[in-house]
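Engineer: File follows, work01.pdb with PDB, C-alpha atoms, pLDDT in the B column:
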ATOM      1  CA  MET O   1      12.305 -42.661   4.187  1.00 52.00           C
ATOM      2  CA  TYR O   2       9.179 -40.734   5.199  1.00 50.00           C
ATOM      3  CA  ILE O   3       7.466 -38.485   2.639  1.00 53.00           C
ATOM      4  CA  LEU O   4       5.329 -35.629   3.939  1.00 48.00           C
ATOM      5  CA  PRO O   5       1.796 -35.425   2.596  1.00 53.00           C
ATOM      6  CA  ARG O   6       1.399 -33.006  -0.311  1.00 53.00           C
ATOM      7  CA  THR O   7      -1.217 -30.972   1.575  1.00 51.00           C
ATOM      8  CA  LEU O   8       1.470 -29.570   3.875  1.00 49.00           C
ATOM      9  CA  PHE O   9       3.103 -27.859   0.931  1.00 52.00           C
ATOM     10  CA  SER O  10      -0.077 -26.553  -0.659  1.00 56.00           C
ATOM     11  CA  LEU O  11      -1.037 -24.387   2.309  1.00 57.00           C
ATOM     12  CA  PRO O  12      -0.389 -20.644   2.045  1.00 62.00           C
ATOM     13  CA  GLN O  13       2.955 -19.665   3.513  1.00 71.00           C
ATOM     14  CA  GLY O  14       3.968 -16.565   5.428  1.00 77.00           C
ATOM     15  CA  ALA O  15       1.970 -13.716   6.886  1.00 77.00           C
ATOM     16  CA  PRO O  16      -1.215 -12.559   5.193  1.00 83.00           C
ATOM     17  CA  PRO O  17      -0.570  -9.824   2.633  1.00 88.00           C
ATOM     18  CA  HIS O  18      -1.131  -6.148   3.353  1.00 89.00           C
ATOM     19  CA  SER O  19      -4.093  -4.459   1.727  1.00 90.00           C
ATOM     20  CA  ARG O  20      -3.110  -3.313  -1.767  1.00 90.00           C
ATOM     21  CA  GLU O  21      -5.588  -0.448  -1.478  1.00 89.00           C
ATOM     22  CA  ALA O  22      -3.889   0.736   1.719  1.00 92.00           C
ATOM     23  CA  ILE O  23      -0.468   0.585   0.062  1.00 93.00           C
ATOM     24  CA  ILE O  24      -1.754   2.565  -2.922  1.00 89.00           C
ATOM     25  CA  ARG O  25      -3.273   5.166  -0.587  1.00 89.00           C
ATOM     26  CA  ALA O  26       0.086   5.505   1.167  1.00 93.00           C
ATOM     27  CA  LEU O  27       1.920   5.804  -2.155  1.00 91.00           C
ATOM     28  CA  LEU O  28      -0.506   8.501  -3.322  1.00 86.00           C
ATOM     29  CA  ALA O  29      -0.335  10.451  -0.058  1.00 88.00           C
ATOM     30  CA  ALA O  30       3.472  10.304   0.198  1.00 91.00           C
ATOM     31  CA  PRO O  31       4.327  13.139  -2.238  1.00 88.00           C
ATOM     32  CA  LEU O  32       1.687  15.364  -0.639  1.00 85.00           C
ATOM     33  CA  LEU O  33       3.465  14.930   2.683  1.00 91.00           C
ATOM     34  CA  GLY O  34       6.940  15.508   1.267  1.00 92.00           C
ATOM     35  CA  ILE O  35       7.871  11.822   1.392  1.00 94.00           C
ATOM     36  CA  SER O  36      10.034  10.996  -1.606  1.00 94.00           C
ATOM     37  CA  THR O  37      11.541   7.563  -0.863  1.00 96.00           C
ATOM     38  CA  PHE O  38      10.202   4.137   0.018  1.00 97.00           C
ATOM     39  CA  THR O  39      12.444   4.163   3.083  1.00 97.00           C
ATOM     40  CA  ALA O  40      10.904   7.420   4.326  1.00 97.00           C
ATOM     41  CA  LEU O  41       7.386   6.136   3.580  1.00 97.00           C
ATOM     42  CA  HIS O  42       8.078   2.928   5.489  1.00 97.00           C
ATOM     43  CA  TYR O  43       9.431   4.942   8.423  1.00 97.00           C
ATOM     44  CA  ARG O  44       6.339   7.179   8.447  1.00 97.00           C
ATOM     45  CA  LEU O  45       4.002   4.164   8.318  1.00 97.00           C
ATOM     46  CA  ASP O  46       6.011   2.424  11.028  1.00 96.00           C
ATOM     47  CA  THR O  47       6.019   5.382  13.423  1.00 96.00           C
ATOM     48  CA  ASP O  48       2.748   7.214  12.698  1.00 95.00           C
ATOM     49  CA  LEU O  49      -0.211   5.018  13.661  1.00 95.00           C
ATOM     50  CA  ARG O  50      -2.694   7.690  12.581  1.00 94.00           C
ATOM     51  CA  PHE O  51      -1.231   7.816   9.077  1.00 94.00           C
ATOM     52  CA  ARG O  52      -1.140   4.011   8.901  1.00 95.00           C
ATOM     53  CA  TYR O  53      -4.798   3.790  10.006  1.00 93.00           C
ATOM     54  CA  GLN O  54      -5.949   6.525   7.626  1.00 92.00           C
ATOM     55  CA  CYS O  55      -4.283   4.764   4.715  1.00 92.00           C
ATOM     56  CA  GLY O  56      -6.284   1.668   5.620  1.00 92.00           C
ATOM     57  CA  PHE O  57      -3.682  -0.574   7.240  1.00 95.00           C
ATOM     58  CA  ASP O  58      -4.392  -2.800  10.222  1.00 93.00           C
ATOM     59  CA  ILE O  59      -2.585  -0.972  13.026  1.00 91.00           C
ATOM     60  CA  SER O  60      -2.096  -4.191  14.975  1.00 93.00           C
ATOM     61  CA  ARG O  61       0.294  -5.400  12.250  1.00 92.00           C
ATOM     62  CA  ARG O  62       3.702  -4.109  11.283  1.00 93.00           C
ATOM     63  CA  ALA O  63       3.964  -1.601   8.463  1.00 95.00           C
ATOM     64  CA  PRO O  64       4.674  -3.059   5.023  1.00 96.00           C
ATOM     65  CA  SER O  65       8.349  -3.470   4.269  1.00 96.00           C
ATOM     66  CA  ILE O  66      10.298  -1.210   1.948  1.00 97.00           C
ATOM     67  CA  SER O  67      10.467  -4.036  -0.592  1.00 96.00           C
ATOM     68  CA  THR O  68       6.686  -4.542  -0.435  1.00 95.00           C
ATOM     69  CA  LEU O  69       6.094  -0.835  -1.080  1.00 96.00           C
ATOM     70  CA  SER O  70       8.576  -0.958  -3.947  1.00 96.00           C
ATOM     71  CA  ARG O  71       7.012  -4.094  -5.496  1.00 94.00           C
ATOM     72  CA  VAL O  72       3.502  -2.617  -5.431  1.00 92.00           C
ATOM     73  CA  PHE O  73       4.793   0.626  -6.965  1.00 91.00           C
ATOM     74  CA  ALA O  74       6.572  -1.358  -9.693  1.00 92.00           C
ATOM     75  CA  THR O  75       3.383  -3.324 -10.401  1.00 89.00           C
ATOM     76  CA  ILE O  76       1.341  -0.128 -10.667  1.00 87.00           C
ATOM     77  CA  THR O  77       3.919   1.371 -13.014  1.00 85.00           C
ATOM     78  CA  LYS O  78       4.278  -1.784 -15.103  1.00 84.00           C
ATOM     79  CA  LYS O  79       0.518  -2.131 -15.584  1.00 81.00           C
ATOM     80  CA  GLU O  80       0.259   1.586 -16.355  1.00 77.00           C
ATOM     81  CA  LEU O  81      -2.238   2.071 -13.529  1.00 79.00           C
ATOM     82  CA  ALA O  82      -0.500   5.165 -12.166  1.00 73.00           C
ATOM     83  CA  GLU O  83      -1.746   7.313 -15.033  1.00 76.00           C
ATOM     84  CA  GLN O  84      -5.304   6.021 -14.623  1.00 79.00           C
ATOM     85  CA  LEU O  85      -5.211   6.667 -10.869  1.00 76.00           C
ATOM     86  CA  PHE O  86      -4.014  10.208 -11.524  1.00 71.00           C
ATOM     87  CA  TYR O  87      -6.806  10.916 -14.008  1.00 74.00           C
ATOM     88  CA  ASP O  88      -9.421   9.410 -11.679  1.00 76.00           C
ATOM     89  CA  LEU O  89      -8.225  11.622  -8.843  1.00 71.00           C
ATOM     90  CA  VAL O  90      -8.273  14.731 -11.038  1.00 70.00           C
ATOM     91  CA  GLN O  91     -11.806  13.918 -12.211  1.00 73.00           C
ATOM     92  CA  ASN O  92     -12.922  13.510  -8.591  1.00 70.00           C
ATOM     93  CA  GLY O  93     -11.675  17.010  -7.828  1.00 57.00           C
ATOM     94  CA  MET O  94      -8.838  15.796  -5.589  1.00 51.00           C
ATOM     95  CA  SER O  95     -10.921  16.735  -2.533  1.00 50.00           C
ATOM     96  CA  TRP O  96      -8.728  14.470  -0.414  1.00 47.00           C
ATOM     97  CA  CYS O  97      -5.543  16.474  -1.073  1.00 47.00           C
ATOM     98  CA  SER O  98      -5.412  18.154   2.323  1.00 47.00           C
ATOM     99  CA  PRO O  99      -2.314  16.913   4.169  1.00 47.00           C
ATOM    100  CA  TYR O 100      -4.600  16.118   7.101  1.00 48.00           C
ATOM    101  CA  ASN O 101      -7.101  14.097   5.084  1.00 51.00           C
ATOM    102  CA  TYR O 102      -5.676  10.783   3.939  1.00 48.00           C
ATOM    103  CA  GLY O 103      -9.109   9.132   3.768  1.00 49.00           C
ATOM    104  CA  MET O 104      -9.219   8.874  -0.001  1.00 48.00           C
ATOM    105  CA  VAL O 105     -11.132   6.106  -1.722  1.00 49.00           C
ATOM    106  CA  VAL O 106      -9.103   4.002  -4.097  1.00 48.00           C
ATOM    107  CA  LYS O 107     -10.445   0.860  -5.748  1.00 50.00           C
ATOM    108  CA  VAL O 108      -7.829  -0.909  -7.833  1.00 49.00           C
ATOM    109  CA  ASN O 109      -7.466  -4.513  -8.938  1.00 50.00           C
ATOM    110  CA  ILE O 110      -3.823  -5.510  -9.185  1.00 50.00           C
TER     111      ILE O 110
END
Using structure tokens, write down the structure from this file.
Structural biologist:
Amino acid sequence: MYILPRTLFSLPQGAPPHSREAIIRALLAAPLLGISTFTALHYRLDTDLRFRYQCGFDISRRAPSISTLSRVFATITKKELAEQLFYDLVQNGMSWCSPYNYGMVVKVNI
């Protein structure tokens, strides 16, 4: 019987993760654009390259999946970061709130 070297199993698996900052930007911009579901947000990211780029995603890659968007949202909610993000945006004057300006700056460690 042949046993594979352990190093084969210690390598990272799957595609590289999407930028968490880009996902958070998309989640913050969604209600401003009338997007109320993860499915609709995924569709918008998948079909609107400008929106995807302005949120900070690599446009050469596929949009994050519905489950990825949902997991990041759940993490933000669980760690109570949503409230802090809201207060930070209010303190910054929400100058990015124009529906045509998605270029907000969000720095979050998840």
Engineer: Residues at most 6 Å from segment 13-29 of chain O, counting only C-alpha atoms, excluding those fewer than 3 positions away in the same chain, as a list of chain:residue names?
Structural biologist: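 Here the qualifying residues turn out to be O:Leu32, O:Cys55, O:Gly56, O:Phe57.
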Engineer: Mind writing the picked residues with C-alpha atoms as a tab-separated table (two decimals), in the coordinates of the input?
Structural biologist:
chain	number	residue	atom	x	y	z
O	32	LEU	CA	1.69	15.36	-0.64
O	55	CYS	CA	-4.28	4.76	4.72
O	56	GLY	CA	-6.28	1.67	5.62
O	57	PHE	CA	-3.68	-0.57	7.24
Engineer: I want to know what sits within 12 Å of Phe38 of chain O, based on all atoms listed in the file, with residues of the same chain fewer than 4 positions away left out; could you give that as a tab-separated table (two decimals) with C-alpha atoms, in the frame of the given file?
Structural biologist:
chain	number	residue	atom	x	y	z
O	23	ILE	CA	-0.47	0.58	0.06
O	26	ALA	CA	0.09	5.50	1.17
O	27	LEU	CA	1.92	5.80	-2.15
O	30	ALA	CA	3.47	10.30	0.20
O	31	PRO	CA	4.33	13.14	-2.24
O	34	GLY	CA	6.94	15.51	1.27
O	42	HIS	CA	8.08	2.93	5.49
O	43	TYR	CA	9.43	4.94	8.42
O	44	ARG	CA	6.34	7.18	8.45
O	45	LEU	CA	4.00	4.16	8.32
O	46	ASP	CA	6.01	2.42	11.03
O	63	ALA	CA	3.96	-1.60	8.46
O	64	PRO	CA	4.67	-3.06	5.02
O	65	SER	CA	8.35	-3.47	4.27
O	66	ILE	CA	10.30	-1.21	1.95
O	67	SER	CA	10.47	-4.04	-0.59
O	68	THR	CA	6.69	-4.54	-0.44
O	69	LEU	CA	6.09	-0.84	-1.08
O	70	SER	CA	8.58	-0.96	-3.95
O	71	ARG	CA	7.01	-4.09	-5.50
O	72	VAL	CA	3.50	-2.62	-5.43
O	73	PHE	CA	4.79	0.63	-6.96
O	74	ALA	CA	6.57	-1.36	-9.69
Engineer: For a test of reading the model, state the distance in Å between atom CA of Thr47 of chain O and atom CA of Arg62 of chain O, rounded to one decimal.
Structural biologist: 10.0 Å
Engineer: Show me the residues around (-4.0, 7.0, -9.7) - criterion: an atom at most 12 Å away, all atoms listed in the file counted - as a compact mmCIF listing (two decimals) with C-alpha atoms, in the coordinates of the input.
Structural biologist:
# COMPACT_ATOMS: atom_id res chain seq x y z
CA GLU O 21 -5.59 -0.45 -1.48
CA ILE O 24 -1.75 2.56 -2.92
CA ARG O 25 -3.27 5.17 -0.59
CA ALA O 26 0.09 5.50 1.17
CA LEU O 27 1.92 5.80 -2.15
CA LEU O 28 -0.51 8.50 -3.32
CA ALA O 29 -0.34 10.45 -0.06
CA PHE O 73 4.79 0.63 -6.96
CA ILE O 76 1.34 -0.13 -10.67
CA THR O 77 3.92 1.37 -13.01
CA LYS O 79 0.52 -2.13 -15.58
CA GLU O 80 0.26 1.59 -16.36
CA LEU O 81 -2.24 2.07 -13.53
CA ALA O 82 -0.50 5.16 -12.17
CA GLU O 83 -1.75 7.31 -15.03
CA GLN O 84 -5.30 6.02 -14.62
CA LEU O 85 -5.21 6.67 -10.87
CA PHE O 86 -4.01 10.21 -11.52
CA TYR O 87 -6.81 10.92 -14.01
CA ASP O 88 -9.42 9.41 -11.68
CA LEU O 89 -8.22 11.62 -8.84
CA VAL O 90 -8.27 14.73 -11.04
CA GLN O 91 -11.81 13.92 -12.21
CA ASN O 92 -12.92 13.51 -8.59
CA MET O 94 -8.84 15.80 -5.59
CA MET O 104 -9.22 8.87 0.00
CA VAL O 105 -11.13 6.11 -1.72
CA VAL O 106 -9.10 4.00 -4.10
CA LYS O 107 -10.44 0.86 -5.75
CA VAL O 108 -7.83 -0.91 -7.83
Engineer: When you draw a straight line from atom CA of Arg52 of chain O to atom CA of Ile35 of chain O, how long is it in Å?
Structural biologist: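 Distance between the two atoms: 14.1 Å.
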Engineer: Please provide as a PyMOL selection string all residues within 9 Å of Ile59 of chain O, with the sequence filter that same-chain residues fewer than 6 positions apart are discarded (counting only C-alpha atoms).
Structural biologist: chain O and resi 49-50+52-53
Engineer: Report, as JSON, the axis-aligned box around all atoms of segment 59-70 of chain O present in the file, extended by 5 Å on each side; give centre and edge lengths in Å to one decimal place.
Structural biologist:
{"center_x": 3.9, "center_y": -3.1, "center_z": 5.5, "size_x": 23.1, "size_y": 14.6, "size_z": 28.9}
